[in-house]
$ cat final-v1.txt   # compact mmCIF, C-alpha atoms and all ligand atoms
# COMPACT_ATOMS: atom_id res chain seq x y z
CA MET R 6 0.00 0.00 0.00
CA PHE R 7 2.93 2.35 0.70
CA ALA R 8 5.28 0.87 -1.92
CA GLY R 9 6.95 3.59 -3.96
CA SER R 10 5.82 6.38 -1.62
CA LYS R 11 8.23 9.00 -0.36
CA PRO R 12 9.48 8.24 3.17
CA VAL R 13 8.13 9.58 6.43
CA VAL R 14 11.15 11.22 8.13
CA VAL R 15 10.81 11.61 11.90
CA VAL R 16 13.09 14.10 13.64
CA GLY R 17 12.71 13.69 17.37
CA SER R 18 13.16 11.90 20.66
CA ILE R 19 14.21 8.35 21.48
CA ASN R 20 13.64 7.26 25.09
CA THR R 21 13.63 4.18 27.28
CA ASP R 22 10.94 4.01 29.98
CA LEU R 23 11.96 2.17 33.15
CA VAL R 24 8.79 1.32 35.08
CA ALA R 25 8.73 -0.04 38.65
CA HIS R 26 5.42 -1.18 40.18
CA ALA R 27 4.92 -1.26 43.95
CA ASP R 28 1.99 -1.43 46.40
CA ARG R 29 2.50 2.29 47.03
CA LEU R 30 4.90 5.07 46.17
CA PRO R 31 7.90 5.31 48.56
CA LEU R 32 7.99 8.22 50.97
CA LYS R 33 10.83 10.73 50.83
CA GLY R 34 14.04 8.93 51.88
CA GLU R 35 12.32 5.54 52.05
CA THR R 36 13.30 2.29 50.30
CA ILE R 37 10.52 -0.18 49.61
CA THR R 38 10.35 -3.54 47.83
CA GLY R 39 8.39 -3.43 44.58
CA ASN R 40 6.38 -6.04 42.69
CA SER R 41 7.56 -5.84 39.09
CA PHE R 42 9.80 -3.97 36.68
CA HIS R 43 9.38 -3.40 32.94
CA THR R 44 11.40 -1.65 30.25
CA PHE R 45 9.58 0.00 27.33
CA GLN R 46 10.79 1.79 24.25
CA GLY R 47 9.39 5.30 24.02
CA GLY R 48 9.94 8.90 23.08
CA LYS R 49 7.29 10.57 20.92
CA GLY R 50 9.67 10.65 17.94
CA ALA R 51 10.52 6.95 18.08
CA ASN R 52 6.85 6.08 18.70
CA GLN R 53 5.70 7.94 15.59
CA ALA R 54 8.44 6.34 13.48
CA VAL R 55 7.42 2.87 14.67
CA ALA R 56 3.74 3.62 13.98
CA ALA R 57 4.53 4.46 10.35
CA ALA R 58 6.99 1.57 9.90
CA LYS R 59 4.66 -1.09 11.34
CA LEU R 60 2.02 0.01 8.82
CA GLY R 61 4.53 -0.70 6.06
CA ALA R 62 5.59 2.85 5.26
CA LYS R 63 9.26 3.70 4.76
CA ALA R 64 10.10 5.44 8.05
CA ILE R 65 13.46 7.11 8.69
CA MET R 66 14.42 8.23 12.21
CA VAL R 67 16.72 11.23 12.69
CA GLY R 68 17.80 11.58 16.33
CA LYS R 69 20.35 10.61 18.94
CA VAL R 70 20.88 7.93 21.56
CA GLY R 71 23.58 7.74 24.22
CA SER R 72 26.63 5.46 24.28
CA ASP R 73 25.03 3.20 26.92
CA SER R 74 23.24 -0.13 26.61
CA PHE R 75 19.84 1.62 26.51
CA GLY R 76 20.77 3.39 23.29
CA ALA R 77 22.00 0.20 21.65
CA GLU R 78 18.79 -1.59 22.64
CA SER R 79 16.64 1.28 21.30
CA ILE R 80 18.35 1.03 17.92
CA ARG R 81 17.96 -2.76 17.95
CA GLN R 82 14.23 -2.54 18.67
CA LEU R 83 13.57 0.32 16.24
CA THR R 84 15.33 -1.68 13.53
CA ALA R 85 13.25 -4.76 14.40
CA SER R 86 10.11 -2.63 13.95
CA GLY R 87 11.26 -1.69 10.45
CA VAL R 88 12.55 1.84 11.14
CA ASP R 89 15.60 3.00 9.14
CA CYS R 90 18.11 3.88 11.90
CA THR R 91 21.03 4.94 9.69
CA HIS R 92 20.49 8.60 10.64
CA ILE R 93 20.52 7.98 14.39
CA ALA R 94 23.78 9.20 15.93
CA VAL R 95 25.36 7.82 19.10
CA GLU R 96 26.38 10.62 21.47
CA PRO R 97 28.98 10.08 24.25
CA CYS R 98 26.40 10.64 27.02
CA ASP R 99 23.36 8.97 28.59
CA SER R 100 20.38 7.96 26.48
CA GLY R 101 17.00 9.62 27.05
CA ILE R 102 15.39 7.86 30.01
CA ALA R 103 12.10 8.11 31.91
CA VAL R 104 12.21 6.62 35.42
CA ILE R 105 8.63 5.85 36.42
CA THR R 106 7.30 4.47 39.71
CA VAL R 107 3.70 3.28 39.79
CA GLY R 108 1.76 2.57 42.97
CA THR R 109 -1.39 0.46 43.19
CA GLY R 110 -4.29 2.56 41.93
CA GLY R 111 -2.13 4.10 39.23
CA GLN R 112 -0.58 7.04 41.08
CA ASN R 113 2.92 7.61 39.73
CA THR R 114 6.08 9.68 39.84
CA ILE R 115 8.10 10.32 36.69
CA VAL R 116 11.62 11.71 36.19
CA VAL R 117 12.60 12.31 32.56
CA ILE R 118 16.27 12.71 31.64
CA PRO R 119 16.53 14.10 28.08
CA GLY R 120 20.09 12.73 27.75
CA ALA R 121 21.12 12.42 24.10
CA ASN R 122 17.85 14.04 22.93
CA ALA R 123 19.21 17.34 24.27
CA ALA R 124 22.16 16.93 21.88
CA VAL R 125 19.89 16.97 18.79
CA THR R 126 21.19 20.42 17.88
CA PRO R 127 20.35 22.74 14.96
CA ALA R 128 23.74 21.76 13.46
CA PHE R 129 22.76 18.07 13.63
CA ILE R 130 19.45 18.82 11.90
CA GLU R 131 21.36 20.76 9.21
CA ALA R 132 23.75 17.81 8.77
CA ASN R 133 20.69 15.67 7.94
CA ARG R 134 19.22 18.07 5.38
CA ASP R 135 19.82 15.59 2.54
CA VAL R 136 17.56 12.94 4.06
CA ILE R 137 14.99 15.47 5.34
CA LYS R 138 14.46 16.77 1.82
CA THR R 139 13.54 13.30 0.52
CA ALA R 140 10.49 13.15 2.81
CA GLY R 141 6.87 12.92 1.79
CA MET R 142 6.15 14.16 5.29
CA VAL R 143 8.49 15.23 8.11
CA LEU R 144 7.26 14.54 11.65
CA ALA R 145 8.45 16.47 14.71
CA GLN R 146 7.46 16.85 18.37
CA LEU R 147 8.76 18.99 21.24
CA GLU R 148 11.08 16.57 23.07
CA ILE R 149 14.25 17.95 21.43
CA PRO R 150 15.60 21.53 21.86
CA MET R 151 13.19 24.18 20.55
CA GLU R 152 15.86 25.88 18.44
CA SER R 153 16.36 22.56 16.64
CA VAL R 154 12.64 22.26 15.88
CA LEU R 155 12.72 25.81 14.52
CA ARG R 156 15.76 25.00 12.33
CA LEU R 157 13.91 21.92 11.08
CA GLY R 158 10.93 24.11 10.18
CA GLN R 159 13.17 26.47 8.21
CA ILE R 160 14.84 23.59 6.36
CA CYS R 161 11.47 22.02 5.47
CA HIS R 162 10.30 25.40 4.18
CA GLU R 163 13.48 25.90 2.12
CA GLU R 164 13.30 22.37 0.69
CA ASP R 165 9.52 22.53 0.15
CA VAL R 166 8.72 19.41 2.17
CA PRO R 167 5.68 19.39 4.47
CA LEU R 168 6.22 19.41 8.25
CA MET R 169 3.72 17.91 10.70
CA LEU R 170 4.43 19.18 14.22
CA ASP R 171 2.94 17.39 17.21
CA PRO R 172 3.20 20.32 19.65
CA ALA R 173 3.65 18.05 22.66
CA PRO R 174 4.46 18.38 25.46
CA ALA R 175 2.90 21.86 25.32
CA ARG R 176 5.57 24.59 25.41
CA GLU R 177 5.85 28.20 24.34
CA LEU R 178 6.76 28.28 20.63
CA PRO R 179 8.86 30.82 18.73
CA GLY R 180 6.39 32.93 16.72
CA GLU R 181 7.80 31.91 13.34
CA LEU R 182 7.54 28.17 13.89
CA LEU R 183 3.82 27.61 13.32
CA SER R 184 3.88 29.41 9.97
CA LEU R 185 6.48 26.83 8.82
CA CYS R 186 4.15 23.91 9.61
CA SER R 187 1.83 22.21 7.15
CA TRP R 188 0.10 20.54 10.09
CA ILE R 189 -0.07 20.80 13.84
CA THR R 190 -1.73 17.97 15.74
CA PRO R 191 -2.54 18.98 19.35
CA ASN R 192 -4.71 16.92 21.68
CA GLU R 193 -7.47 18.70 23.61
CA THR R 194 -5.34 20.19 26.40
CA GLU R 195 -2.57 21.21 23.99
CA ALA R 196 -5.13 22.85 21.69
CA GLN R 197 -6.43 24.97 24.58
CA PHE R 198 -2.85 25.91 25.49
CA TYR R 199 -1.96 27.10 21.97
CA ALA R 200 -5.33 28.71 21.23
CA ARG R 201 -5.22 30.93 24.30
CA GLY R 202 -4.64 34.54 23.43
CA THR R 203 -5.68 34.00 19.80
CA ALA R 204 -9.41 33.88 20.42
CA ASP R 205 -11.73 35.10 23.15
CA ASP R 206 -12.09 32.23 25.57
CA ALA R 207 -11.39 29.37 23.17
CA HIS R 208 -12.00 27.09 26.15
CA SER R 209 -15.22 25.08 25.79
CA LYS R 210 -15.80 26.42 22.28
CA SER R 211 -16.52 24.11 19.38
CA SER R 212 -13.75 22.28 17.54
CA SER R 213 -14.19 24.57 14.54
CA ALA R 214 -13.70 27.66 16.75
CA VAL R 215 -10.55 26.20 18.33
CA ALA R 216 -9.22 25.16 14.91
CA ALA R 217 -9.96 28.62 13.50
CA ALA R 218 -8.02 30.18 16.39
CA LEU R 219 -5.06 27.86 15.74
CA LEU R 220 -5.10 28.50 11.98
CA LYS R 221 -4.64 32.20 12.79
CA THR R 222 -1.20 31.32 14.21
CA GLY R 223 -0.04 30.65 10.63
CA THR R 224 -0.07 26.85 10.45
CA HIS R 225 -1.66 25.58 7.25
CA GLY R 226 -3.57 22.70 8.78
CA VAL R 227 -4.86 21.61 12.17
CA VAL R 228 -5.72 18.16 13.48
CA LEU R 229 -7.46 18.27 16.85
CA LYS R 230 -7.03 14.87 18.49
CA LEU R 231 -10.15 14.37 20.60
CA GLY R 232 -9.49 11.01 22.30
CA GLU R 233 -12.51 8.72 22.17
CA LEU R 234 -14.41 11.40 20.21
CA GLY R 235 -12.08 11.01 17.21
CA ALA R 236 -10.48 13.98 15.46
CA TYR R 237 -11.34 17.28 13.78
CA ILE R 238 -9.29 18.34 10.75
CA GLU R 239 -9.25 21.72 9.03
CA GLN R 240 -6.91 23.43 6.55
CA THR R 241 -6.55 27.10 5.69
CA GLY R 242 -8.93 27.87 2.88
CA GLY R 243 -9.78 24.18 2.63
CA SER R 244 -12.39 21.84 3.85
CA ALA R 245 -13.04 20.66 7.38
CA PHE R 246 -13.68 17.09 8.45
CA GLN R 247 -15.08 15.61 11.62
CA ILE R 248 -13.38 12.21 11.75
CA PRO R 249 -15.41 9.78 13.86
CA SER R 250 -13.68 7.51 16.32
CA PHE R 251 -14.06 3.78 16.11
CA LYS R 252 -15.91 2.32 19.08
CA VAL R 253 -13.51 -0.12 20.70
CA ALA R 254 -12.88 -1.68 24.12
CA ALA R 255 -10.10 0.63 25.31
CA VAL R 256 -7.51 -0.85 27.68
CA ASP R 257 -4.49 1.50 27.34
CA SER R 258 -4.44 4.79 25.43
CA THR R 259 -0.66 5.27 25.73
CA ALA R 260 0.71 6.56 22.41
CA ALA R 261 -2.70 6.70 20.69
CA GLY R 262 -1.76 10.18 19.53
CA ASP R 263 1.61 8.99 18.23
CA THR R 264 -0.10 6.13 16.37
CA PHE R 265 -2.52 8.61 14.78
CA ASN R 266 0.36 10.86 13.64
CA GLY R 267 2.42 8.03 12.16
CA ALA R 268 -0.58 6.63 10.30
CA PHE R 269 -1.95 10.00 9.11
CA ALA R 270 1.50 10.99 7.81
CA ALA R 271 2.05 7.64 6.09
CA ALA R 272 -1.28 7.90 4.29
CA LEU R 273 -0.69 11.51 3.19
CA SER R 274 2.82 10.57 1.98
CA ALA R 275 1.22 7.83 -0.11
CA GLY R 276 -0.93 10.44 -1.82
CA ARG R 277 -4.20 9.72 -0.01
CA ASP R 278 -6.51 12.68 0.54
CA VAL R 279 -6.88 14.38 3.91
CA GLU R 280 -10.21 12.81 4.88
CA TRP R 281 -9.12 9.26 4.01
CA SER R 282 -5.82 9.79 5.82
CA GLY R 283 -7.68 11.04 8.90
CA ARG R 284 -9.92 7.98 8.94
CA PHE R 285 -6.85 5.74 8.51
CA GLY R 286 -5.15 7.51 11.44
CA SER R 287 -8.25 7.23 13.59
CA ALA R 288 -8.61 3.51 12.87
CA ALA R 289 -4.92 2.81 13.57
CA ALA R 290 -5.12 4.74 16.85
CA ALA R 291 -8.34 2.96 17.85
CA ILE R 292 -6.66 -0.43 17.44
CA SER R 293 -3.69 0.76 19.51
CA VAL R 294 -5.93 1.58 22.50
CA THR R 295 -7.29 -1.99 22.55
CA ARG R 296 -3.81 -3.29 23.47
CA MET R 297 -1.34 -2.62 26.27
CA GLY R 298 1.83 -0.67 25.66
CA ALA R 299 3.04 2.03 23.31
CA GLN R 300 5.04 0.70 20.34
CA ALA R 301 3.85 -2.86 21.02
CA SER R 302 0.21 -1.80 20.57
CA MET R 303 0.61 -0.30 17.10
CA PRO R 304 -1.17 -2.14 14.25
CA LYS R 305 -0.18 -3.43 10.83
CA ALA R 306 -1.88 -2.00 7.72
CA ASP R 307 -4.09 -5.04 7.11
CA GLU R 308 -5.59 -4.73 10.60
CA VAL R 309 -6.38 -1.07 9.94
CA MET R 310 -7.89 -1.81 6.55
CA ALA R 311 -10.04 -4.54 8.12
CA LEU R 312 -11.38 -2.07 10.69
CA LEU R 313 -12.01 0.55 8.00
CA SER R 314 -13.97 -1.94 5.93
CA GLY R 315 -15.94 -3.18 8.92
CA GLN R 316 -14.45 -6.68 8.73
CA SER R 317 -12.38 -6.54 11.88
CA ASP R 318 -12.63 -8.62 15.04
CA VAL R 319 -12.47 -5.37 16.99
CA LYS R 320 -15.95 -4.87 18.47
CA LEU R 321 -17.66 -1.91 16.87
N1 LIG R 401 -10.94 5.37 23.53
C1 LIG R 401 -10.70 5.55 22.22
N2 LIG R 401 -11.45 4.91 21.29
C2 LIG R 401 -11.23 5.07 19.97
N3 LIG R 401 -10.26 5.87 19.46
C3 LIG R 401 -9.47 6.53 20.33
C4 LIG R 401 -9.64 6.42 21.75
N4 LIG R 401 -8.71 7.20 22.35
C5 LIG R 401 -7.98 7.77 21.36
N5 LIG R 401 -8.45 7.38 20.14
C6 LIG R 401 -7.94 7.79 18.83
O1 LIG R 401 -6.60 8.19 19.01
C7 LIG R 401 -6.43 9.55 18.61
C8 LIG R 401 -5.42 10.22 19.51
O2 LIG R 401 -5.84 10.10 20.87
P1 LIG R 401 -5.72 11.32 21.89
O3 LIG R 401 -6.64 12.39 21.45
O4 LIG R 401 -5.90 10.73 23.24
O5 LIG R 401 -4.22 11.79 21.63
P2 LIG R 401 -3.04 12.18 22.62
O6 LIG R 401 -3.60 12.77 23.88
O7 LIG R 401 -2.09 12.99 21.83
O8 LIG R 401 -2.38 10.79 22.95
P3 LIG R 401 -0.88 10.49 23.46
O9 LIG R 401 -1.09 9.91 24.83
O10 LIG R 401 -0.34 9.47 22.52
O11 LIG R 401 -0.12 11.77 23.42
C9 LIG R 401 -7.81 10.17 18.67
O12 LIG R 401 -7.90 11.28 17.79
C10 LIG R 401 -8.69 9.00 18.26
O13 LIG R 401 -8.74 8.88 16.85
MG MG R 402 -0.08 13.44 22.15

$ encode --input "final-v1.txt" --output "structure tokens" --more "lines below"
Ligand SMILES: Nc1ncnc2c1ncn2[C@@H]1O[C@H](COP(=O)(O)OP(=O)(O)OP(=O)(O)O)[C@@H](O)[C@H]1O
Ligand SMILES: [Mg+2]
Amino acid sequence: MFAGSKPVVVVGSINTDLVAHADRLPLKGETITGNSFHTFQGGKGANQAVAAAKLGAKAIMVGKVGSDSFGAESIRQLTASGVDCTHIAVEPCDSGIAVITVGTGGQNTIVVIPGANAAVTPAFIEANRDVIKTAGMVLAQLEIPMESVLRLGQICHEEDVPLMLDPAPARELPGELLSLCSWITPNETEAQFYARGTADDAHSKSSSAVAAALLKTGTHGVVLKLGELGAYIEQTGGSAFQIPSFKVAAVDSTAAGDTFNGAFAAALSAGRDVEWSGRFGSAAAAISVTRMGAQASMPKADEVMALLSGQSDVKL
């Protein structure tokens, strides 16, 4: 389905999540015995690359890992998922890590160490211009330095390749950045964050009002990711689409947004229209919430096509 399409090039973060489960969170200064420990591959950049690759799209990751065993394992697992890792550099530092403790009932504490992701500099982005310009769609998020995301936006503009920015986690953006984006893809809380100040009380307004406020920032297209309500898509001077969600038995929504982005970008890169690509993204994300985990929950293209054609085992 994606054969012959231009690649999806993801410029972003690569993390390892270290998750310890215990009956409760330890108190300050306390050591407790936990119940289980799991290691997961993560980072919004790596997640979006895996989402596209598992669907069968050509996905190229541009980023950095550290010179520790976590970095080597990230590259091994990304490669196993089908991601082209030849543009991942190994930096003489720690890899990006999230140390997560989870108590019974789900309360957690999280410490994120950006590690090598902080070394994804504007100069590194520039050094990868040749691969960036081959993209059918470039994907970025906000887990690398902001000046690097801005440089990426300028390069995409100069090379005339479309940039889809997932503006997450929500951060103040340099004014120029949004006008360099073909798409921004906030979830509900991120949309409120970026729409503030551009419209009177965007909070609680309709999706079309929030999208209109965001389009005034200069981006050419907006995807509002609305969780179990699906997505709302609008482009400057173009049409607007309410993309329904697929009714599924949700067990873990981790990385649903990343799955949507990888799938939406893969479909657009393959020349599909915006509405079809939105439905493809919504179906891929819906399948991902029926399974535990982030990268492990992401579907293959035939599963998504089965859901789209109503022939899936997923309960509708
Ligand atoms: N419970 C659900 N049922 C069906 N589809 C869902 C559900 N939750 C999410 N989705 C799909 O996944 C997409 C992205 O989900 P969401 O809006 O939660 O993104 P997000 O908050 O960015 O997620 P992430 O945790 O990955 O950052 C939605 O637009 C929708 O298509
Ligand atoms: Mg998100």

$ residues_near_ligand --input "final-v1.txt" --ligand "ligand MG 402 (chain R)" --cutoff "10 Å" --atoms "all atoms listed in the file" --output "ChimeraX atom specification"
/R:49,146,171-175,190-195,230,232,259-266

$ residues_around --input "final-v1.txt" --residues "Leu168 in chain R" --least-positions-apart "6" --cutoff "9 Å" --atoms "only C-alpha atoms" --output "number ranges by chain"
R: 142-145, 157-158, 161-162, 185-189

$ closest_residue --input "final-v1.txt" --among "R:Ala217, R:Ala56, R:Val16, R:Val117" --to "Gly68 in chain R" --atoms "all atoms listed in the file"
R:Val16

$ residues_near_point --input "final-v1.txt" --point "(13.0, -2.1, 31.6)" --cutoff "6 Å" --atoms "all atoms listed in the file" --output "list in words"
Leu23, His43, Thr44 and Phe45 of chain R

$ closest_residue --input "final-v1.txt" --among "R:Ile292, R:Ala216, R:Ser302, R:Gly223" --to "Ser250 in chain R" --atoms "all atoms listed in the file"
R:Ile292

$ atom_distance --input "final-v1.txt" --atom1 "CA of Gly108 in chain R" --atom2 "CA of Glu148 in chain R"
26.1 Å

$ atom_distance --input "final-v1.txt" --atom1 "CA of Ala214 in chain R" --atom2 "CA of Ala268 in chain R"
25.6 Å

$ atom_distance --input "final-v1.txt" --atom1 "CA of Gly141 in chain R" --atom2 "CA of Lys11 in chain R"
4.7 Å

$ axis_aligned_box --input "final-v1.txt" --around "range 145-161 of chain R" --padding-each-side "3 Å" --output "JSON"
{"center_x": 11.9, "center_y": 21.5, "center_z": 14.3, "size_x": 14.9, "size_y": 16.0, "size_z": 23.6}

$ closest_residue --input "final-v1.txt" --among "R:Leu30, R:Val154, R:Ile149, R:Ala196" --to "ligand LIG 401 (chain R)" --atoms "only C-alpha atoms and all ligand atoms"
R:Ala196

$ closest_residue --input "final-v1.txt" --among "R:Gln197, R:Ser244, R:Asn52, R:Gln159" --to "ligand LIG 401 (chain R)" --atoms "all atoms listed in the file"
R:Asn52

$ residues_near_point --input "final-v1.txt" --point "(13.9, 18.5, 1.7)" --cutoff "8 Å" --atoms "all atoms listed in the file" --output "list in words"
Arg134, Asp135, Val136, Ile137, Lys138, Thr139, Ala140, Ile160, Cys161, Glu163, Glu164, Asp165 and Val166 of chain R

$ write_last_selection --input "final-v1.txt" --atoms "C-alpha atoms" --output "short mmCIF file (atom, residue, chain, number, x, y, z; two decimals), in the frame of the given file"
data_model
loop_
_atom_site.label_atom_id
_atom_site.label_comp_id
_atom_site.auth_asym_id
_atom_site.auth_seq_id
_atom_site.Cartn_x
_atom_site.Cartn_y
_atom_site.Cartn_z
CA ARG R 134 19.22 18.07 5.38
CA ASP R 135 19.82 15.59 2.54
CA VAL R 136 17.56 12.94 4.06
CA ILE R 137 14.99 15.47 5.34
CA LYS R 138 14.46 16.77 1.82
CA THR R 139 13.54 13.30 0.52
CA ALA R 140 10.49 13.15 2.81
CA ILE R 160 14.84 23.59 6.36
CA CYS R 161 11.47 22.02 5.47
CA GLU R 163 13.48 25.90 2.12
CA GLU R 164 13.30 22.37 0.69
CA ASP R 165 9.52 22.53 0.15
CA VAL R 166 8.72 19.41 2.17
#

$ residues_around --input "final-v1.txt" --residues "Ile115 in chain R" --least-positions-apart "2" --cutoff "9 Å" --atoms "only C-alpha atoms" --output "list in words"
Ala103, Val104, Ile105, Thr106, Val107, Asn113 and Val117 of chain R

$ closest_residue --input "final-v1.txt" --among "R:Ser212, R:Leu170, R:Leu273, R:Leu219" --to "Phe198 in chain R" --atoms "all atoms listed in the file"
R:Leu219

$ closest_residue --input "final-v1.txt" --among "R:Lys33, R:Arg156, R:Lys59, R:His225" --to "Ser293 in chain R" --atoms "only C-alpha atoms"
R:Lys59

$ residues_around --input "final-v1.txt" --residues "Gly242 in chain R" --least-positions-apart "3" --cutoff "10 Å" --atoms "only C-alpha atoms" --output "VMD selection string"
chain R and resid 220 225 to 226 239 245

$ residues_around --input "final-v1.txt" --residues "Glu280 in chain R" --least-positions-apart "4" --cutoff "8 Å" --atoms "all atoms listed in the file" --output "PyMOL selection string"
chain R and resi 246+248+284

$ write_last_selection --input "final-v1.txt" --atoms "C-alpha atoms" --output "compact mmCIF listing (two decimals), keeping the file's coordinate frame"
# COMPACT_ATOMS: atom_id res chain seq x y z
CA PHE R 246 -13.68 17.09 8.45
CA ILE R 248 -13.38 12.21 11.75
CA ARG R 284 -9.92 7.98 8.94

$ residues_around --input "final-v1.txt" --residues "Ser41 in chain R" --least-positions-apart "2" --cutoff "8 Å" --atoms "only C-alpha atoms" --output "ChimeraX atom specification"
/R:25-27,39,43

$ write_last_selection --input "final-v1.txt" --atoms "C-alpha atoms" --output "short mmCIF file (atom, residue, chain, number, x, y, z; two decimals), in the coordinates of the input"
data_model
loop_
_atom_site.label_atom_id
_atom_site.label_comp_id
_atom_site.auth_asym_id
_atom_site.auth_seq_id
_atom_site.Cartn_x
_atom_site.Cartn_y
_atom_site.Cartn_z
CA ALA R 25 8.73 -0.04 38.65
CA HIS R 26 5.42 -1.18 40.18
CA ALA R 27 4.92 -1.26 43.95
CA GLY R 39 8.39 -3.43 44.58
CA HIS R 43 9.38 -3.40 32.94
#

$ build_atoms --input "final-v1.txt" --residues "range 73-87 of chain R" --atoms "N, CA, C and O atoms" --output "mmCIF file, in the frame of the given file"
data_model
loop_
_atom_site.group_PDB
_atom_site.id
_atom_site.type_symbol
_atom_site.label_atom_id
_atom_site.label_comp_id
_atom_site.auth_asym_id
_atom_site.auth_seq_id
_atom_site.Cartn_x
_atom_site.Cartn_y
_atom_site.Cartn_z
ATOM 1 N N ASP R 73 25.284 4.227 25.900
ATOM 2 C CA ASP R 73 25.030 3.200 26.920
ATOM 3 C C ASP R 73 24.237 2.036 26.317
ATOM 4 O O ASP R 73 23.871 2.068 25.137
ATOM 5 N N SER R 74 23.944 1.039 27.133
ATOM 6 C CA SER R 74 23.240 -0.130 26.610
ATOM 7 C C SER R 74 21.796 0.211 26.231
ATOM 8 O O SER R 74 21.209 -0.440 25.355
ATOM 9 N N PHE R 75 21.208 1.238 26.862
ATOM 10 C CA PHE R 75 19.840 1.620 26.510
ATOM 11 C C PHE R 75 19.763 2.103 25.056
ATOM 12 O O PHE R 75 18.822 1.785 24.330
ATOM 13 N N GLY R 76 20.757 2.878 24.660
ATOM 14 C CA GLY R 76 20.770 3.390 23.290
ATOM 15 C C GLY R 76 20.909 2.270 22.282
ATOM 16 O O GLY R 76 20.203 2.247 21.257
ATOM 17 N N ALA R 77 21.809 1.336 22.565
ATOM 18 C CA ALA R 77 22.000 0.200 21.650
ATOM 19 C C ALA R 77 20.715 -0.613 21.535
ATOM 20 O O ALA R 77 20.325 -1.045 20.437
ATOM 21 N N GLU R 78 20.037 -0.811 22.655
ATOM 22 C CA GLU R 78 18.790 -1.590 22.640
ATOM 23 C C GLU R 78 17.684 -0.831 21.887
ATOM 24 O O GLU R 78 16.882 -1.434 21.169
ATOM 25 N N SER R 79 17.642 0.500 22.040
ATOM 26 C CA SER R 79 16.640 1.280 21.300
ATOM 27 C C SER R 79 16.829 1.101 19.799
ATOM 28 O O SER R 79 15.862 0.881 19.058
ATOM 29 N N ILE R 80 18.090 1.187 19.350
ATOM 30 C CA ILE R 80 18.350 1.030 17.920
ATOM 31 C C ILE R 80 17.983 -0.389 17.470
ATOM 32 O O ILE R 80 17.385 -0.577 16.416
ATOM 33 N N ARG R 81 18.288 -1.376 18.305
ATOM 34 C CA ARG R 81 17.960 -2.760 17.950
ATOM 35 C C ARG R 81 16.450 -2.924 17.779
ATOM 36 O O ARG R 81 15.966 -3.497 16.801
ATOM 37 N N GLN R 82 15.692 -2.353 18.736
ATOM 38 C CA GLN R 82 14.230 -2.540 18.670
ATOM 39 C C GLN R 82 13.590 -1.695 17.572
ATOM 40 O O GLN R 82 12.626 -2.121 16.934
ATOM 41 N N LEU R 83 14.098 -0.499 17.353
ATOM 42 C CA LEU R 83 13.570 0.320 16.240
ATOM 43 C C LEU R 83 13.806 -0.393 14.913
ATOM 44 O O LEU R 83 12.917 -0.447 14.050
ATOM 45 N N THR R 84 15.006 -0.953 14.761
ATOM 46 C CA THR R 84 15.330 -1.680 13.530
ATOM 47 C C THR R 84 14.398 -2.881 13.355
ATOM 48 O O THR R 84 13.875 -3.130 12.265
ATOM 49 N N ALA R 85 14.146 -3.591 14.458
ATOM 50 C CA ALA R 85 13.250 -4.760 14.400
ATOM 51 C C ALA R 85 11.833 -4.341 14.001
ATOM 52 O O ALA R 85 11.092 -5.124 13.382
ATOM 53 N N SER R 86 11.440 -3.114 14.329
ATOM 54 C CA SER R 86 10.110 -2.630 13.950
ATOM 55 C C SER R 86 10.068 -2.109 12.516
ATOM 56 O O SER R 86 9.015 -1.686 12.039
ATOM 57 N N GLY R 87 11.228 -2.096 11.858
ATOM 58 C CA GLY R 87 11.260 -1.690 10.450
ATOM 59 C C GLY R 87 11.690 -0.253 10.218
ATOM 60 O O GLY R 87 11.624 0.250 9.091
#
